[in-house]
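Novice: Got a structure for you, questions after.
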Amino acid sequence: MNTPRVKICGITRPEDGHQAALAGADAIGLVFHPASPRYVTPRQAAAIAAALPPLVTTVGLFVDAAPDSVAAVLDQVPLDLLQFHGDETPEYGAAFRRPWIKALRMRDGADPAAEAERYAAAGARGLLVDSYVPGVPGGTGERFDWSRLPGDLALPLILAGGLDPDNVAEAVRAVRPWAVDVSGGVEAFGEDGRRLGGIKDPRAVTAFIRAAKAWP
Ligand SMILES: O=C(O)c1ccccc1N[C@@H]1O[C@H](COP(=O)(O)O)[C@@H](O)[C@H]1O
């Protein structure tokens with residue numbers, strides 16, 4: 001099995017992206033979904049991307065965005081990979097002629113094997129599997145039952161959903177994904193004991209990457 005790649009998603013500040021890269025992140029995620037607490041404008045995203053060292057993948061996350069608005073972001077931000085986290089069809093993803101991955105929320109009846117086949121045929125580079133929470137498109141901080149994932153898929157599997165520094169090693173052992181993706185599980189806590197959406201805790205980011213890459 002490969003040492004899993006790690007994506008730290010929901011970066012909103014250049015210093016957090018830079019720290020994640022120094023800690024060994026393979027990719028950082030920039031959320032262009034306006035309803036998210038981790039939303040960044042194209043201008044903010046460009047500043048984050050400019051602060052990264054070379055060879056770190058910048059991923060742009062969209063949720064059922066109008067194609068024109070994705071194109072407008074692409075004009076302003078050097079994104080390496082697009083992540084479609086809504087109900088986008090295979091044809092939608094293929095139309096951008098850029099590397100892209102599709103997220104699948106694991107609601108009852110979700111069929112990762114069939115979805116991987118469907119999106120692979122359209123040129124997707126990976127299938128990201130995430131928890132299903134009604135009314136919330138992602139970044140839920142919730143885990144799902146990993147035993148629902150088949151051992152073999154037509155696309156590289158990116159595991160997400162409620163991962164954190166304490167459970168990611170167990171997740172890697174159980175699922176053996178190509179990559180893991182985290183957002184809420186490495187965020188700092190505010191004085192009220194709640195996560196500060198979009199502000200990363202550097203110690204948690206470092207601990208997460210170490211634990212994810214400690215395999216076997
Ligand atoms: O992070 C967000 O705010 C977000 C908003 C809309 C869609 C997806 C979002 N994040 C993605 O959700 C998963 C899991 O996040 P978490 O670790 O459970 O907080 C991850 O793929 C993020 O990229």
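Please note that chains go A, B, ... in the order of the structure tokens, that every chain numbers its residues from 1, and that ligands are numbered from 1 in the order shown.
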Using only C-alpha atoms and all ligand atoms, which protein or nucleic acid residues are at most 8 Å from ligand 1, as a PyMOL selection string?
Specialist: chain A and resi 8-10+29+31+33+35-39+61-63+85-86+103+128-131+136-143+159-164+181-186+197-198
Novice: Env of Ala121 in chain A: 12 Å cut, atoms = only C-alpha atoms, seq-sep filter 6 positions within chain, self excluded. Answer as a list in words.
Specialist: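 The residues satisfying every condition are Thr89, Pro90, Glu91, Gly93, Ala94, Ala114, Glu115, Ala154 and Leu155 of chain A.
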Novice: Which residue gives the smallest distance to Val70 in chain A among A:Ala20, A:Ala169, A:Ala120, A:Leu82, with only C-alpha atoms counted?
Specialist: A:Leu82
Novice: For a test of reading the model, state the distance in Å between CA of Glu187 in chain A and CA of Asp16 in chain A, rounded to one decimal.
Specialist: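 For CA of Glu187 in chain A relative to CA of Asp16 in chain A, the distance reads 10.3 Å.
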Novice: Measuring atom to atom with only C-alpha atoms, identify which of A:Pro42, A:Gly109, A:Gly151, A:Pro78 is nearest to Thr12 in chain A.
Specialist: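 Result for the nearest residue to Thr12 in chain A: A:Pro42.
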Novice: Enter the distance from CA of Gln76 in chain A to CA of Leu30 in chain A, in Å, rounded to one decimal.
Specialist: 13.0 Å
Novice: I need the residues of range 17-167 of chain A that end up classed as helix (DSSP H, G or I) by DSSP on the backbone, written out as a count of residues only.
Specialist: 42
Novice: Measuring atom to atom with only C-alpha atoms, identify which of A:Leu196, A:Ala113, A:Val172, A:Ala211 is nearest to Met1 in chain A.
Specialist: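 When distances to Met1 in chain A are compared using only C-alpha atoms, the smallest one comes from A:Val172.
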Novice: Check the smallest atom-to-atom distance from each of A:Phe84, A:Ala204, A:Arg148, A:Val180 to Ala66 in chain A using only C-alpha atoms, then report the winner.
Specialist: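 Checking each candidate against Ala66 in chain A, we get A:Phe84 as the closest.
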Novice: From a backbone DSSP assignment, name each residue in range 54-97 of chain A labelled strand (DSSP E or B), as a list of chain:residue names.
Specialist: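 Secondary structure check on range 54-97 of chain A, strand (DSSP E or B): A:Thr57, A:Thr58, A:Val59, A:Gly60, A:Leu61, A:Phe62, A:Leu81, A:Leu82, A:Gln83, A:Phe84.
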Novice: Could those selected residues go to a file with N, CA and C atoms, as a PDB file, in the first residue's frame?
Specialist:
ATOM      1  N   THR A  57       0.028  20.765  -4.082  1.00  0.00           N
ATOM      2  CA  THR A  57      -1.143  20.873  -4.959  1.00  0.00           C
ATOM      3  C   THR A  57      -2.195  21.802  -4.350  1.00  0.00           C
ATOM      4  N   THR A  58      -2.676  22.730  -5.163  1.00  0.00           N
ATOM      5  CA  THR A  58      -3.770  23.600  -4.712  1.00  0.00           C
ATOM      6  C   THR A  58      -5.081  23.076  -5.297  1.00  0.00           C
ATOM      7  N   VAL A  59      -6.032  22.817  -4.400  1.00  0.00           N
ATOM      8  CA  VAL A  59      -7.310  22.221  -4.790  1.00  0.00           C
ATOM      9  C   VAL A  59      -8.411  23.251  -4.553  1.00  0.00           C
ATOM     10  N   GLY A  60      -9.235  23.479  -5.554  1.00  0.00           N
ATOM     11  CA  GLY A  60     -10.369  24.392  -5.420  1.00  0.00           C
ATOM     12  C   GLY A  60     -11.649  23.592  -5.239  1.00  0.00           C
ATOM     13  N   LEU A  61     -12.369  23.873  -4.162  1.00  0.00           N
ATOM     14  CA  LEU A  61     -13.584  23.108  -3.831  1.00  0.00           C
ATOM     15  C   LEU A  61     -14.821  23.929  -4.196  1.00  0.00           C
ATOM     16  N   PHE A  62     -15.712  23.306  -4.946  1.00  0.00           N
ATOM     17  CA  PHE A  62     -16.950  23.961  -5.387  1.00  0.00           C
ATOM     18  C   PHE A  62     -18.140  23.057  -5.073  1.00  0.00           C
ATOM     19  N   LEU A  81      -6.132  21.417  -9.176  1.00  0.00           N
ATOM     20  CA  LEU A  81      -7.132  20.339  -9.164  1.00  0.00           C
ATOM     21  C   LEU A  81      -8.466  20.934  -8.705  1.00  0.00           C
ATOM     22  N   LEU A  82      -9.562  20.509  -9.337  1.00  0.00           N
ATOM     23  CA  LEU A  82     -10.897  20.954  -8.930  1.00  0.00           C
ATOM     24  C   LEU A  82     -11.588  19.828  -8.162  1.00  0.00           C
ATOM     25  N   GLN A  83     -12.256  20.185  -7.077  1.00  0.00           N
ATOM     26  CA  GLN A  83     -13.006  19.216  -6.267  1.00  0.00           C
ATOM     27  C   GLN A  83     -14.471  19.608  -6.322  1.00  0.00           C
ATOM     28  N   PHE A  84     -15.301  18.709  -6.877  1.00  0.00           N
ATOM     29  CA  PHE A  84     -16.731  19.000  -6.988  1.00  0.00           C
ATOM     30  C   PHE A  84     -17.454  18.236  -5.887  1.00  0.00           C
TER      31      PHE A  84
END
Novice: Let me make sure I understand: among A:Phe96, A:Ala71, A:Asp108, A:Pro53, which one has the smallest atom-to-atom distance to Leu22 in chain A if we use only C-alpha atoms?
Specialist: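 Closest to Leu22 in chain A of all the choices is A:Pro53.
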Novice: Using only C-alpha atoms, which of A:Pro112, A:Pro165, A:Glu191, A:Leu157 sits nearest Thr206 in chain A?
Specialist: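 Answer, going by the shortest atom-to-atom distance: A:Pro165.
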Novice: Residues at most 9 Å from Arg125 in chain A, counting only C-alpha atoms, excluding those fewer than 3 positions away in the same chain, as an MDAnalysis selection string?
Specialist: chainID A and resid 99:102 119:120 155:156
